[in-house]
Structure formats: structure tokens, C-alpha cells
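File shown: target31.cif (mmCIF, C-alpha atoms (C1' of nucleotides)).
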data_my_file
loop_
_atom_site.label_atom_id
_atom_site.label_comp_id
_atom_site.auth_asym_id
_atom_site.auth_seq_id
_atom_site.Cartn_x
_atom_site.Cartn_y
_atom_site.Cartn_z
CA MET A 775 16.75 -3.91 -38.48
CA THR A 776 17.49 -0.19 -38.19
CA PRO A 777 20.96 1.08 -37.26
CA PRO A 778 22.20 -1.40 -34.69
CA SER A 779 24.63 -0.08 -32.16
CA ASP A 780 24.03 3.22 -30.42
CA LEU A 781 20.28 3.57 -30.51
CA ALA A 782 19.90 0.00 -29.37
CA ARG A 783 22.50 0.42 -26.67
CA ARG A 784 20.67 3.40 -25.29
CA ALA A 785 17.41 1.50 -25.19
CA ASP A 786 19.12 -1.42 -23.52
CA ARG A 787 20.54 0.80 -20.83
CA ARG A 788 17.16 2.36 -20.23
CA ALA A 789 15.52 -1.03 -20.03
CA ALA A 790 18.16 -2.34 -17.65
CA ILE A 791 17.72 0.61 -15.33
CA LEU A 792 13.95 0.23 -15.48
CA GLU A 793 14.09 -3.43 -14.62
CA ALA A 794 16.47 -2.80 -11.75
CA ALA A 795 14.25 0.00 -10.49
CA ALA A 796 11.16 -2.21 -10.50
CA LEU A 797 12.99 -4.79 -8.46
CA GLU A 798 14.38 -2.34 -5.93
CA PHE A 799 11.11 -0.47 -5.52
CA ALA A 800 9.36 -3.78 -5.01
CA VAL A 801 11.51 -4.86 -2.12
CA ARG A 802 12.45 -1.60 -0.41
CA GLY A 803 9.66 0.72 -1.37
CA TYR A 804 10.03 4.11 -2.98
CA ASP A 805 11.73 6.26 -0.37
CA ALA A 806 14.10 3.63 0.89
CA THR A 807 15.33 2.89 -2.62
CA ARG A 808 18.31 5.04 -3.37
CA ALA A 809 19.31 5.95 -6.87
CA ALA A 810 22.63 4.29 -6.10
CA ASP A 811 20.87 0.96 -5.43
CA VAL A 812 19.15 1.02 -8.77
CA ALA A 813 22.37 2.03 -10.51
CA ARG A 814 24.38 -0.75 -8.92
CA ARG A 815 21.85 -3.40 -9.81
CA ALA A 816 21.64 -2.13 -13.37
CA GLY A 817 25.40 -2.00 -13.64
CA VAL A 818 25.64 1.72 -14.31
CA ALA A 819 26.75 4.77 -12.38
CA SER A 820 24.21 6.69 -10.34
CA GLY A 821 24.53 9.73 -12.56
CA THR A 822 23.40 7.64 -15.52
CA VAL A 823 20.07 7.00 -13.86
CA PHE A 824 19.39 10.70 -13.68
CA TYR A 825 20.62 11.24 -17.19
CA HIS A 826 17.95 8.88 -18.49
CA PHE A 827 15.05 9.66 -16.22
CA GLY A 828 15.64 13.10 -14.77
CA ASP A 829 14.48 12.31 -11.28
CA LYS A 830 13.37 9.48 -9.06
CA ALA A 831 9.66 10.23 -9.36
CA THR A 832 9.83 9.88 -13.13
CA LEU A 833 11.73 6.63 -12.80
CA PHE A 834 8.97 5.26 -10.59
CA ARG A 835 6.26 6.39 -13.01
CA GLU A 836 7.99 4.76 -15.94
CA VAL A 837 7.92 1.42 -14.15
CA PHE A 838 4.15 1.50 -14.63
CA ALA A 839 4.19 2.91 -18.13
CA ASP A 840 3.06 -0.38 -19.67
CA ASP A 841 -0.12 -0.59 -17.63
CA LEU A 842 -2.18 1.75 -19.74
CA PRO A 843 -1.70 0.07 -23.12
CA ARG A 844 -2.15 -3.28 -21.41
CA ALA A 845 -5.45 -2.11 -19.97
CA ARG A 846 -6.62 -0.94 -23.37
CA GLY A 847 -5.76 -4.28 -24.92
CA LEU A 848 -7.51 -6.17 -22.17
CA ALA A 849 -10.65 -4.08 -22.46
CA GLU A 850 -10.69 -4.67 -26.19
CA GLU A 851 -10.37 -8.42 -25.77
CA ALA A 852 -13.21 -8.47 -23.26
CA ARG A 853 -15.47 -6.60 -25.63
CA ARG A 854 -14.88 -9.25 -28.25
CA LEU A 855 -16.01 -12.11 -26.02
CA ASP A 856 -19.68 -12.80 -26.52
CA ASP A 857 -20.38 -14.53 -23.25
CA PRO A 858 -20.47 -11.95 -20.41
CA VAL A 859 -19.24 -14.52 -17.90
CA ASN A 860 -16.21 -15.29 -19.99
CA ALA A 861 -15.62 -11.61 -20.63
CA ALA A 862 -15.76 -10.70 -16.95
CA LEU A 863 -13.48 -13.54 -15.97
CA HIS A 864 -11.09 -12.66 -18.75
CA LEU A 865 -10.81 -9.16 -17.34
CA VAL A 866 -10.25 -10.52 -13.86
CA ASP A 867 -7.57 -12.90 -15.10
CA GLY A 868 -5.81 -10.15 -16.96
CA LEU A 869 -5.88 -7.75 -14.05
CA ALA A 870 -4.69 -10.36 -11.60
CA ALA A 871 -1.99 -11.68 -13.88
CA ASP A 872 0.89 -10.30 -11.86
CA VAL A 873 -0.25 -11.14 -8.34
CA LEU A 874 2.41 -13.77 -7.88
CA VAL A 875 5.45 -11.82 -9.03
CA PRO A 876 7.72 -11.35 -6.02
CA GLY A 877 7.38 -7.98 -4.38
CA ALA A 878 3.97 -7.33 -5.88
CA PRO A 879 2.40 -6.38 -2.52
CA VAL A 880 4.96 -3.71 -1.76
CA LEU A 881 4.88 -2.38 -5.29
CA ALA A 882 1.09 -2.15 -5.19
CA ALA A 883 1.19 -0.45 -1.83
CA GLU A 884 3.74 2.06 -3.05
CA LEU A 885 1.66 2.80 -6.09
CA VAL A 886 -1.30 3.69 -3.89
CA ARG A 887 0.78 6.01 -1.82
CA ARG A 888 2.65 7.69 -4.65
CA VAL A 889 -0.63 8.46 -6.41
CA GLY A 890 -1.42 10.85 -3.58
CA VAL A 891 1.89 12.61 -4.00
CA ASP A 892 2.62 12.60 -7.71
CA PRO A 893 -0.17 14.20 -9.76
CA GLU A 894 1.24 13.02 -13.06
CA LEU A 895 1.22 9.45 -11.80
CA ALA A 896 -2.30 10.00 -10.53
CA ARG A 897 -3.37 11.08 -13.99
CA VAL A 898 -2.04 7.93 -15.65
CA VAL A 899 -3.46 5.64 -13.00
CA ALA A 900 -6.84 7.34 -13.19
CA GLU A 901 -6.94 6.84 -16.93
CA THR A 902 -6.00 3.18 -16.63
CA ASP A 903 -8.64 2.74 -13.98
CA ARG A 904 -11.25 4.47 -16.10
CA ILE A 905 -10.66 2.05 -18.95
CA THR A 906 -10.68 -1.08 -16.83
CA ARG A 907 -13.62 -0.01 -14.76
CA GLY A 908 -15.54 0.97 -17.86
CA ALA A 909 -14.92 -2.34 -19.59
CA LEU A 910 -15.96 -4.25 -16.52
CA ALA A 911 -19.09 -2.20 -15.91
CA GLU A 912 -20.02 -2.55 -19.55
CA THR A 913 -19.58 -6.30 -19.38
CA ILE A 914 -21.68 -6.56 -16.26
CA GLU A 915 -24.37 -4.39 -17.76
CA ARG A 916 -24.39 -6.70 -20.75
CA GLY A 917 -24.75 -9.72 -18.49
CA VAL A 918 -27.59 -8.13 -16.57
CA ARG A 919 -29.39 -7.18 -19.74
CA THR A 920 -29.11 -10.67 -21.19
CA GLY A 921 -30.30 -12.27 -17.99
CA ARG A 922 -27.04 -14.06 -17.30
CA PHE A 923 -26.29 -11.91 -14.25
CA ASP A 924 -28.22 -10.95 -11.18
CA PRO A 925 -30.68 -8.26 -12.38
CA THR A 926 -30.49 -6.35 -9.09
CA LEU A 927 -26.79 -5.62 -9.64
CA ASP A 928 -25.75 -2.02 -10.19
CA PRO A 929 -23.05 -2.39 -12.87
CA PRO A 930 -20.73 0.47 -11.77
CA THR A 931 -20.90 -0.61 -8.14
CA ALA A 932 -20.36 -4.24 -9.00
CA ALA A 933 -17.41 -3.29 -11.19
CA GLY A 934 -15.93 -1.35 -8.28
CA LEU A 935 -16.24 -4.30 -5.98
CA VAL A 936 -14.66 -6.72 -8.43
CA LEU A 937 -11.75 -4.34 -8.93
CA ALA A 938 -11.36 -4.06 -5.18
CA MET A 939 -11.22 -7.84 -4.94
CA VAL A 940 -8.42 -7.94 -7.47
CA ASP A 941 -6.52 -5.20 -5.65
CA GLY A 942 -6.90 -7.14 -2.43
CA LEU A 943 -5.22 -10.12 -4.02
CA TYR A 944 -2.17 -8.03 -4.76
CA LEU A 945 -1.86 -6.92 -1.16
CA GLY A 946 -1.95 -10.31 0.45
CA ALA A 947 -0.16 -12.20 -2.30
CA ASP A 948 1.33 -15.31 -0.80
CA PRO A 949 3.33 -17.25 -3.40
CA GLU A 950 2.40 -20.50 -1.64
CA HIS A 951 -1.32 -20.14 -2.15
CA ASP A 952 -2.56 -18.82 -5.43
CA LEU A 953 -5.96 -17.33 -4.68
CA ARG A 954 -6.85 -16.61 -8.27
CA PRO A 955 -8.99 -19.71 -8.79
CA ALA A 956 -10.94 -18.78 -5.67
CA LEU A 957 -11.25 -15.25 -6.98
CA ARG A 958 -12.73 -16.46 -10.26
CA ARG A 959 -15.21 -18.51 -8.36
CA ALA A 960 -16.19 -15.67 -6.06
CA VAL A 961 -16.64 -13.23 -8.92
CA ALA A 962 -18.77 -15.71 -10.81
CA ALA A 963 -20.89 -16.39 -7.73
CA TYR A 964 -21.35 -12.69 -7.07
CA LEU A 965 -22.40 -11.81 -10.57
CA ARG A 966 -24.38 -14.87 -11.48
CA SER A 967 -28.09 -14.67 -11.64
CA PRO A 968 -29.50 -16.30 -8.47
CA ASP A 969 -31.87 -18.52 -10.38
CA MET A 970 -29.17 -20.25 -12.40
CA THR A 971 -28.35 -22.95 -9.95
CA GLU A 972 -26.28 -25.11 -12.20
CA GLU A 973 -23.88 -23.54 -14.66
CA ASP A 974 -20.42 -24.38 -15.86
CA ASP A 975 -18.27 -21.29 -15.85
CA ASP A 976 -14.86 -22.87 -15.99
CA ARG A 977 -12.63 -21.94 -18.81
CA PRO A 978 -8.93 -22.60 -19.45
CA THR A 979 -6.67 -19.56 -19.12
CA MET B 499 -11.29 8.28 39.31
CA THR B 500 -7.58 7.74 40.12
CA PRO B 501 -5.22 10.67 40.75
CA PRO B 502 -6.22 13.35 38.24
CA SER B 503 -3.51 15.74 37.13
CA ASP B 504 -0.11 14.48 36.09
CA LEU B 505 -0.73 10.91 35.14
CA ALA B 506 -3.73 11.99 33.13
CA ARG B 507 -1.83 14.80 31.49
CA ARG B 508 0.86 12.42 30.38
CA ALA B 509 -1.70 10.09 28.87
CA ASP B 510 -3.39 13.00 27.14
CA ARG B 511 -0.15 14.11 25.58
CA ARG B 512 0.57 10.62 24.39
CA ALA B 513 -2.89 10.30 22.94
CA ALA B 514 -2.65 13.67 21.22
CA ILE B 515 0.66 12.73 19.62
CA LEU B 516 -0.72 9.38 18.56
CA GLU B 517 -3.74 10.91 16.93
CA ALA B 518 -1.65 13.49 15.15
CA ALA B 519 0.70 10.76 13.97
CA ALA B 520 -2.14 8.67 12.56
CA LEU B 521 -3.37 11.66 10.60
CA GLU B 522 0.02 12.62 9.25
CA PHE B 523 0.98 9.06 8.34
CA ALA B 524 -2.35 8.68 6.60
CA VAL B 525 -1.86 11.62 4.28
CA ARG B 526 1.89 11.73 3.71
CA GLY B 527 2.97 8.17 4.36
CA TYR B 528 5.68 7.03 6.71
CA ASP B 529 8.89 8.42 5.27
CA ALA B 530 7.51 11.73 4.21
CA THR B 531 6.07 12.40 7.64
CA ARG B 532 8.62 14.26 9.71
CA ALA B 533 8.61 14.13 13.45
CA ALA B 534 8.23 17.89 13.35
CA ASP B 535 4.92 17.57 11.46
CA VAL B 536 3.48 15.28 14.06
CA ALA B 537 4.72 17.52 16.84
CA ARG B 538 3.23 20.64 15.30
CA ARG B 539 -0.15 19.03 14.78
CA ALA B 540 -0.16 17.66 18.32
CA GLY B 541 0.83 21.04 19.69
CA VAL B 542 4.09 19.86 21.24
CA ALA B 543 7.76 20.23 20.47
CA SER B 544 9.50 17.69 18.29
CA GLY B 545 11.65 16.50 21.16
CA THR B 546 8.52 15.55 23.08
CA VAL B 547 7.59 13.06 20.41
CA PHE B 548 10.85 11.22 20.91
CA TYR B 549 10.53 11.45 24.65
CA HIS B 550 7.27 9.53 24.54
CA PHE B 551 7.92 7.05 21.75
CA GLY B 552 11.66 6.71 21.40
CA ASP B 553 11.74 6.64 17.63
CA LYS B 554 9.55 7.02 14.58
CA ALA B 555 9.17 3.30 13.94
CA THR B 556 7.71 2.81 17.40
CA LEU B 557 5.37 5.71 16.91
CA PHE B 558 4.07 4.11 13.73
CA ARG B 559 3.62 0.75 15.41
CA GLU B 560 1.68 2.28 18.27
CA VAL B 561 -0.83 3.69 15.83
CA PHE B 562 -1.89 0.10 15.19
CA ALA B 563 -1.68 -1.06 18.77
CA ASP B 564 -5.45 -1.35 19.12
CA ASP B 565 -5.85 -3.76 16.25
CA LEU B 566 -4.89 -6.89 18.12
CA PRO B 567 -7.36 -6.62 21.02
CA ARG B 568 -10.00 -5.53 18.55
CA ALA B 569 -9.37 -8.64 16.49
CA ARG B 570 -9.64 -10.84 19.56
CA GLY B 571 -12.94 -9.27 20.53
CA LEU B 572 -14.30 -9.62 17.04
CA ALA B 573 -13.32 -13.27 16.83
CA GLU B 574 -15.01 -13.91 20.15
CA GLU B 575 -18.22 -12.24 19.02
CA ALA B 576 -18.26 -14.28 15.83
CA ARG B 577 -17.88 -17.50 17.77
CA ARG B 578 -20.94 -16.63 19.78
CA LEU B 579 -23.18 -16.21 16.75
CA ASP B 580 -24.94 -19.43 15.95
CA ASP B 581 -25.73 -18.79 12.33
CA PRO B 582 -22.53 -19.15 10.24
CA VAL B 583 -23.79 -16.61 7.71
CA ASN B 584 -24.30 -14.01 10.40
CA ALA B 585 -20.98 -14.87 11.97
CA ALA B 586 -19.07 -14.51 8.71
CA LEU B 587 -20.78 -11.24 7.86
CA HIS B 588 -20.14 -9.95 11.35
CA LEU B 589 -16.44 -10.60 10.89
CA VAL B 590 -16.49 -8.88 7.52
CA ASP B 591 -18.33 -5.89 8.96
CA GLY B 592 -15.89 -5.60 11.83
CA LEU B 593 -12.84 -5.86 9.63
CA ALA B 594 -14.17 -3.36 7.13
CA ALA B 595 -15.36 -0.92 9.78
CA ASP B 596 -12.69 1.67 9.04
CA VAL B 597 -12.72 1.67 5.25
CA LEU B 598 -14.25 5.10 5.04
CA VAL B 599 -11.99 6.95 7.43
CA PRO B 600 -10.06 9.52 5.42
CA GLY B 601 -6.57 8.41 4.55
CA ALA B 602 -7.35 4.76 5.09
CA PRO B 603 -5.88 3.70 1.72
CA VAL B 604 -2.53 5.31 2.34
CA LEU B 605 -2.38 4.03 5.89
CA ALA B 606 -3.17 0.51 4.73
CA ALA B 607 -0.55 0.75 2.02
CA GLU B 608 2.06 1.96 4.45
CA LEU B 609 1.26 -0.85 6.82
CA VAL B 610 1.95 -3.38 4.09
CA ARG B 611 5.27 -1.83 3.32
CA ARG B 612 6.42 -1.29 6.89
CA VAL B 613 5.72 -4.91 7.70
CA GLY B 614 8.56 -5.84 5.40
CA VAL B 615 10.92 -3.48 7.17
CA ASP B 616 9.96 -3.60 10.83
CA PRO B 617 10.06 -7.14 12.26
CA GLU B 618 8.32 -6.15 15.48
CA LEU B 619 5.46 -4.68 13.50
CA ALA B 620 5.42 -7.82 11.37
CA ARG B 621 5.04 -9.91 14.50
CA VAL B 622 2.01 -7.98 15.73
CA VAL B 623 0.36 -7.95 12.34
CA ALA B 624 0.96 -11.67 11.89
CA GLU B 625 -0.67 -12.39 15.22
CA THR B 626 -3.67 -10.22 14.40
CA ASP B 627 -3.96 -11.91 11.05
CA ARG B 628 -3.72 -15.35 12.61
CA ILE B 629 -6.65 -14.60 14.90
CA THR B 630 -8.86 -13.10 12.23
CA ARG B 631 -8.05 -15.73 9.66
CA GLY B 632 -8.61 -18.47 12.18
CA ALA B 633 -11.99 -17.16 13.25
CA LEU B 634 -13.08 -16.80 9.66
CA ALA B 635 -11.86 -20.22 8.60
CA GLU B 636 -13.54 -21.75 11.63
CA THR B 637 -16.80 -20.03 10.79
CA ILE B 638 -16.64 -21.18 7.21
CA GLU B 639 -15.83 -24.71 8.27
CA ARG B 640 -18.87 -24.60 10.52
CA GLY B 641 -21.05 -23.41 7.67
CA VAL B 642 -19.77 -26.12 5.37
CA ARG B 643 -20.36 -28.79 7.99
CA THR B 644 -23.91 -27.67 8.65
CA GLY B 645 -24.73 -27.50 4.96
CA ARG B 646 -25.27 -23.76 4.92
CA PHE B 647 -22.20 -23.15 2.78
CA ASP B 648 -20.90 -24.58 -0.44
CA PRO B 649 -19.47 -28.00 0.51
CA THR B 650 -16.68 -27.78 -2.07
CA LEU B 651 -15.18 -24.77 -0.30
CA ASP B 652 -11.77 -25.16 1.31
CA PRO B 653 -12.18 -23.14 4.53
CA PRO B 654 -8.62 -21.75 4.83
CA THR B 655 -8.56 -20.75 1.19
CA ALA B 656 -12.00 -19.20 1.35
CA ALA B 657 -10.98 -17.30 4.48
CA GLY B 658 -7.94 -15.98 2.65
CA LEU B 659 -10.04 -14.78 -0.22
CA VAL B 660 -12.56 -13.04 2.00
CA LEU B 661 -9.75 -11.28 3.86
CA ALA B 662 -8.27 -10.22 0.53
CA MET B 663 -11.62 -8.75 -0.46
CA VAL B 664 -11.71 -6.70 2.71
CA ASP B 665 -8.15 -5.51 2.17
CA GLY B 666 -9.07 -4.51 -1.34
CA LEU B 667 -11.81 -2.30 -0.02
CA TYR B 668 -9.29 -0.37 2.04
CA LEU B 669 -7.12 0.28 -0.97
CA GLY B 670 -9.72 1.74 -3.23
CA ALA B 671 -11.84 3.39 -0.57
CA ASP B 672 -13.86 6.12 -2.18
CA PRO B 673 -15.87 8.07 0.42
CA GLU B 674 -18.55 8.71 -2.21
CA HIS B 675 -19.38 5.08 -2.78
CA ASP B 676 -19.50 2.79 0.19
CA LEU B 677 -18.81 -0.67 -1.20
CA ARG B 678 -19.47 -2.48 2.04
CA PRO B 679 -23.04 -3.49 1.21
CA ALA B 680 -21.78 -4.93 -2.08
CA LEU B 681 -19.02 -6.70 -0.19
CA ARG B 682 -21.52 -8.34 2.16
CA ARG B 683 -23.48 -9.51 -0.80
CA ALA B 684 -20.45 -10.87 -2.61
CA VAL B 685 -19.20 -12.73 0.44
CA ALA B 686 -22.62 -14.25 1.02
CA ALA B 687 -22.89 -15.28 -2.62
CA TYR B 688 -19.43 -16.81 -2.59
CA LEU B 689 -19.95 -18.84 0.56
CA ARG B 690 -23.57 -19.81 0.14
CA SER B 691 -24.44 -23.31 -0.77
CA PRO B 692 -25.36 -23.32 -4.48
CA ASP B 693 -28.62 -25.16 -3.87
CA MET B 694 -30.06 -22.55 -1.54
CA THR B 695 -31.63 -20.37 -4.15
CA GLU B 696 -33.70 -18.20 -1.89
CA GLU B 697 -32.30 -17.05 1.43
CA ASP B 698 -32.47 -13.85 3.41
CA ASP B 699 -29.05 -12.88 4.67
CA ASP B 700 -29.62 -9.23 5.37
CA ARG B 701 -29.02 -8.01 8.82
CA PRO B 702 -28.79 -4.51 10.28
CA THR B 703 -25.29 -3.31 11.17
"C1'" DG C 904 26.50 9.08 -22.95
"C1'" DT C 905 28.58 7.71 -18.99
"C1'" DC C 906 31.48 8.32 -15.18
"C1'" DT C 907 33.41 10.49 -10.66
"C1'" DA C 908 32.97 13.57 -7.19
"C1'" DT C 909 30.55 16.69 -4.54
"C1'" DA C 910 27.32 20.54 -3.16
"C1'" DC C 911 23.44 21.14 -0.74
"C1'" DA C 912 19.23 20.20 1.74
"C1'" DC C 913 17.01 17.65 4.86
"C1'" DC C 914 15.61 15.15 8.92
"C1'" DG C 915 16.00 11.88 12.93
"C1'" DA C 916 17.64 11.85 17.21
"C1'" DT C 917 20.09 13.90 21.26
"C1'" DA C 918 21.89 17.23 24.77
"C1'" DG C 919 21.05 20.26 28.04
"C1'" DA C 920 18.35 24.33 29.94
"C1'" DC C 921 14.17 25.17 32.35
"C1'" DG D 938 8.27 16.45 31.12
"C1'" DT D 939 8.84 19.65 27.74
"C1'" DC D 940 11.38 22.91 25.11
"C1'" DT D 941 15.26 24.87 22.10
"C1'" DA D 942 19.13 24.18 19.53
"C1'" DT D 943 22.07 21.44 16.98
"C1'" DC D 944 24.84 17.58 15.08
"C1'" DG D 945 25.66 13.74 12.25
"C1'" DG D 946 24.24 10.86 8.66
"C1'" DT D 947 22.22 10.37 4.38
"C1'" DG D 948 20.75 10.83 -0.36
"C1'" DT D 949 19.17 13.67 -4.50
"C1'" DA D 950 20.72 15.93 -8.12
"C1'" DT D 951 24.39 18.37 -10.60
"C1'" DA D 952 28.92 19.78 -12.57
"C1'" DG D 953 32.44 18.71 -15.21
"C1'" DA D 954 35.99 15.31 -16.91
"C1'" DC D 955 36.42 11.75 -20.32
#
Let me see the structure of the file written as C-alpha cells.
Amino acid sequence: MTPPSDLARRADRRAAILEAAALEFAVRGYDATRAADVARRAGVASGTVFYHFGDKATLFREVFADDLPRARGLAEEARRLDDPVNAALHLVDGLAADVLVPGAPVLAAELVRRVGVDPELARVVAETDRITRGALAETIERGVRTGRFDPTLDPPTAAGLVLAMVDGLYLGADPEHDLRPALRRAVAAYLRSPDMTEEDDDRPT
Amino acid sequence: MTPPSDLARRADRRAAILEAAALEFAVRGYDATRAADVARRAGVASGTVFYHFGDKATLFREVFADDLPRARGLAEEARRLDDPVNAALHLVDGLAADVLVPGAPVLAAELVRRVGVDPELARVVAETDRITRGALAETIERGVRTGRFDPTLDPPTAAGLVLAMVDGLYLGADPEHDLRPALRRAVAAYLRSPDMTEEDDDRPT
DNA sequence: GTCTATACACCGATAGAC
DNA sequence: GTCTATCGGTGTATAGAC
């Protein structure tokens, strides 16, 4: 259980600020979110935010800190799935997991913009992208080789397109209509070998 | 030719400011772009920017002023194409026309964010979206009815997914790799009736 | 570690000369 | 119509008390 109080308290504070920051960034965007807003929502003073994170840019980066390990895990899982169709759809499901969380469109949009401004953030995002893109391209290549996918597909290009589809879902994200089932279907149709007319590619999440 | 000098000069100035604004917004984003930046690039004084556009929010909105008429024109063209496949791909081509212009990702991201902040902008974007989405859904419905498309497709949902794909292309936009050909292929594969194994859907831009 | 209070920089928008 | 000059509002980050 490790020493309870102080270390845990510190982590709690950090986590509270981080959660508040994610929420505020997601509704107001980066610039419009003031440190005071985050502090109020987290129930701390504005100075405390800076004590823990140094500056606002770092706070924003930390909101996305989990993405990289998550991407690694997802890539690993995909590699373990024998069927390329299942593997590709598993990647898509994992990447699109958060599309319906409120504020996702704004948060995604802000991420795109901040990447052009914050080189450290760009580095992390590029690495995450490299892993995801690699896993997807690898999966597609596997499908092409085994005849399950359209042999005229260029795996890196196809991977790029599938990733773009997922990104697009984040932008439009309407909580009323979950487009993820349609996305699965479209991805499957795009990748599938043209001569496999009938094939069941449904799979429970 | 209409009276040359003053009226034309005014329009030129406006256009110059608008072009400068689009460029600046596309690289720095909305908040980080100062009126002075736009003014400098346009070769005018900062006060002149406010004289022509009133405030920064209006300036940003005006950058997208062309989108609505463009959407109307595109929808009209699609309606005139008999073949649903050609019509759908024509819409996709038109919507994705600007993916490769430098700064497109940031501009697209900023648009998403500003829509949540500027109700007037939201109104215009919603109207543009309504037109595009309607034309696409209508086209898909036509394709389903005539047996060219997958009969299990729900036209509004499918339209939403196709629009999301296009949006996704704007986000990732890498000038090195034009994903639009892959997009055309994916859209065609997604919509196409599963029992039409062999079909030529290529068409010059 | 966390708070309060504030210094300092910055930028949108305006006023008024030309 | 366009410029120069400036003001007011705002928000990051820090300094120092507790």
C-alpha cells in the first residue's frame, strides 16, 4: 500500500487538475481556457496549477500523455489476432473508442493546432502515430499477402486512409448518431478482396 | 467595366486583407493571429483591418464566406449527373478539393472550434452542411433505389460517414501523399452493391 | 504544497489626424 | 479610407506568506 497520505494526496491533486483541464480544453479550446478556469473546476488555487505543471502548454500535453502507451498496447493486441480483418477492425475500434466523449471534436481540433506550435507535443504525437500507422500497415500487408484483402492495395496508403477516416469521426462526432458501426463496415469494404462477395466480418466489441 | 478606381481599390484592399487573414489563420490559428500580423502581410495598417471588417471574428467568418455558394453549386452539379456513382464521387471530389492547400489542417481545426464559440459562424456552417449532406444522402438514396448501391445502406448515415471521411482527409493532409484517389476508392467500395463484383468507377477529375 | 496578490506583457479595438 | 498612437481589459506566471 505504500505510505498513504502525502504522496497519494499529491497524485490526487495532479489527477484532479488534469481531469479539470481536459474538460475545460474540450469545451473552450486551448487559448480561451484560463488557468483560473482549470483551477476553479479542480478546486485549487490558480498558483497550484503552475506549481504542478509549470506552464499551460505542459498541462495540455499531459492531457494526452496516456495516448502513447495506449497505442502501444493496441498495436500489440492487433499483432496477436490471427485474422487480418479482425486485427484491422480491432485497431479501428480502439482508435475510435473515444469519439463519443463530450467535447471530443474540439479537443481533437485543438490537438491538431497545438502540434504545429508545440514541438514537444509534436514529437509525442508523431511517435504515437508512427506506432498506430505501422501496426495498421502491417496488418493490411498481412491481409494482402494472405489473399484476404484487395491485392492492389498499397498498405501504407491504405493505412493512412483508414486513420484519416477515424480522425474524421472525431471531428463530426454527434452523440445522437454513432457512426462507428458504419465505419467498421466501410473499412471492411475498402480492404476486402473484391472477389470475396460473401463474408461475415462482424465481431462483438 | 463599371467605374474603375475607387470602388475597385476598396475591393482590392478587402481581398488583400482577406487573403492575408486566411494565410495567417492557417498557420497560427485564430487566437494566435494578431490583427497586426494580418495587416502587415496585407500591406496595410492594423486600423484598416478593423475599418473593413469590424472585428476579428467577422474577419474569420468572411474567410469562409465562399463555402456556401460553392456547396450549392456542387449539389446542383451532382443532381444533374445521372449515374449515382459518378454523382457521389463528384461530391467527394468537390468537397475534398482543398485538402492539399498548405495550412488546410489548422484552418479546418480552427473552424471546428470557432463554430462552438461564434453562433453566426455556426449558422453558416450548419447551412452549408445541410446542403452537402442532403445532396449526398439524396444521391445515395438514388443509388440504393436503382440497385447500384448496397440496399442495406441507410442513406443519411452513409452520407454522414462519407462526410466524416472527407473531413478526416483535411486533418491529416500530408502534401507528399495525396489520399484523394484512395478516398474515391474507399467511398466506391463502401457504397457499391456487394453483388457487383466487377465495375469500372474511375473517372477523370 | 498551497494560497493570495500582483507584476508585467500583450493585443483588440478606438480616436483622431491627414 | 487609411494611418498613427494609445487605452483598457485580460491572463500568464511569479513572489512570498502560511
Smallest atom-to-atom distance to chain A: which of C:DT905, C:DA910, C:DA920, C:DG915, using all atoms listed in the file?
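Of the candidates, the smallest distance to chain A is held by C:DT905.
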Chain A residues near chain D within 10 Å, closest pair each, using only C-alpha atoms (C1' of nucleotides), as CSV:
residue,atom,partner,partner_atom,distance
A:Ala806,CA,D:DG948,C1',9.9
A:Thr807,CA,D:DG948,C1',9.9
A:Arg808,CA,D:DG948,C1',7.0
A:Ala809,CA,D:DT949,C1',8.1
A:Ala810,CA,D:DG948,C1',8.9
A:Gly821,CA,D:DA950,C1',8.5
A:Phe824,CA,D:DA950,C1',7.7
A:Gly828,CA,D:DA950,C1',8.8
A:Asp829,CA,D:DA950,C1',7.9
A:Lys830,CA,D:DT949,C1',8.5
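Once the PyMOL selection byres ((chain C) within 12 of (chain A)) is applied to the shown structure, the selection contains DG904, DT905, DC906, DT907 and DA908 of chain C.
In this model, the gap between CA of Thr556 (chain B) and CA of Arg612 (chain B) comes to 11.4 Å.
CA of Val597 (chain B) sits 8.7 Å away from CA of Asp672 (chain B).
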Let me know the residues the PyMOL selection byres ((chain B) within 7 of (chain A)) catches in the file above, as a ChimeraX atom specification.
/B:527,529,604,607-608,610-611,659,662-663,665-667,670,677,680-681,684,687-688,692-693,695
If you keep C-alpha atoms (C1' of nucleotides), can you output chain D as an mmCIF file, in the first residue's frame?
data_model
loop_
_atom_site.group_PDB
_atom_site.id
_atom_site.type_symbol
_atom_site.label_atom_id
_atom_site.label_comp_id
_atom_site.auth_asym_id
_atom_site.auth_seq_id
_atom_site.Cartn_x
_atom_site.Cartn_y
_atom_site.Cartn_z
ATOM 1 C "C1'" DG D 938 -10.152 55.437 -46.410
ATOM 2 C "C1'" DT D 939 -6.033 54.846 -44.242
ATOM 3 C "C1'" DC D 940 -2.638 55.822 -40.848
ATOM 4 C "C1'" DT D 941 -0.522 56.566 -36.059
ATOM 5 C "C1'" DA D 942 -0.909 56.336 -31.383
ATOM 6 C "C1'" DT D 943 -2.881 54.666 -27.387
ATOM 7 C "C1'" DC D 944 -6.064 52.829 -23.836
ATOM 8 C "C1'" DG D 945 -8.394 49.350 -21.394
ATOM 9 C "C1'" DG D 946 -9.042 44.676 -20.456
ATOM 10 C "C1'" DT D 947 -7.171 40.359 -19.754
ATOM 11 C "C1'" DG D 948 -4.399 36.442 -18.402
ATOM 12 C "C1'" DT D 949 0.224 34.059 -17.589
ATOM 13 C "C1'" DA D 950 3.387 33.341 -14.421
ATOM 14 C "C1'" DT D 951 5.754 34.586 -10.126
ATOM 15 C "C1'" DA D 952 6.790 36.139 -5.340
ATOM 16 C "C1'" DG D 953 6.188 35.499 -0.897
ATOM 17 C "C1'" DA D 954 3.127 34.420 3.171
ATOM 18 C "C1'" DC D 955 1.388 30.471 5.592
#
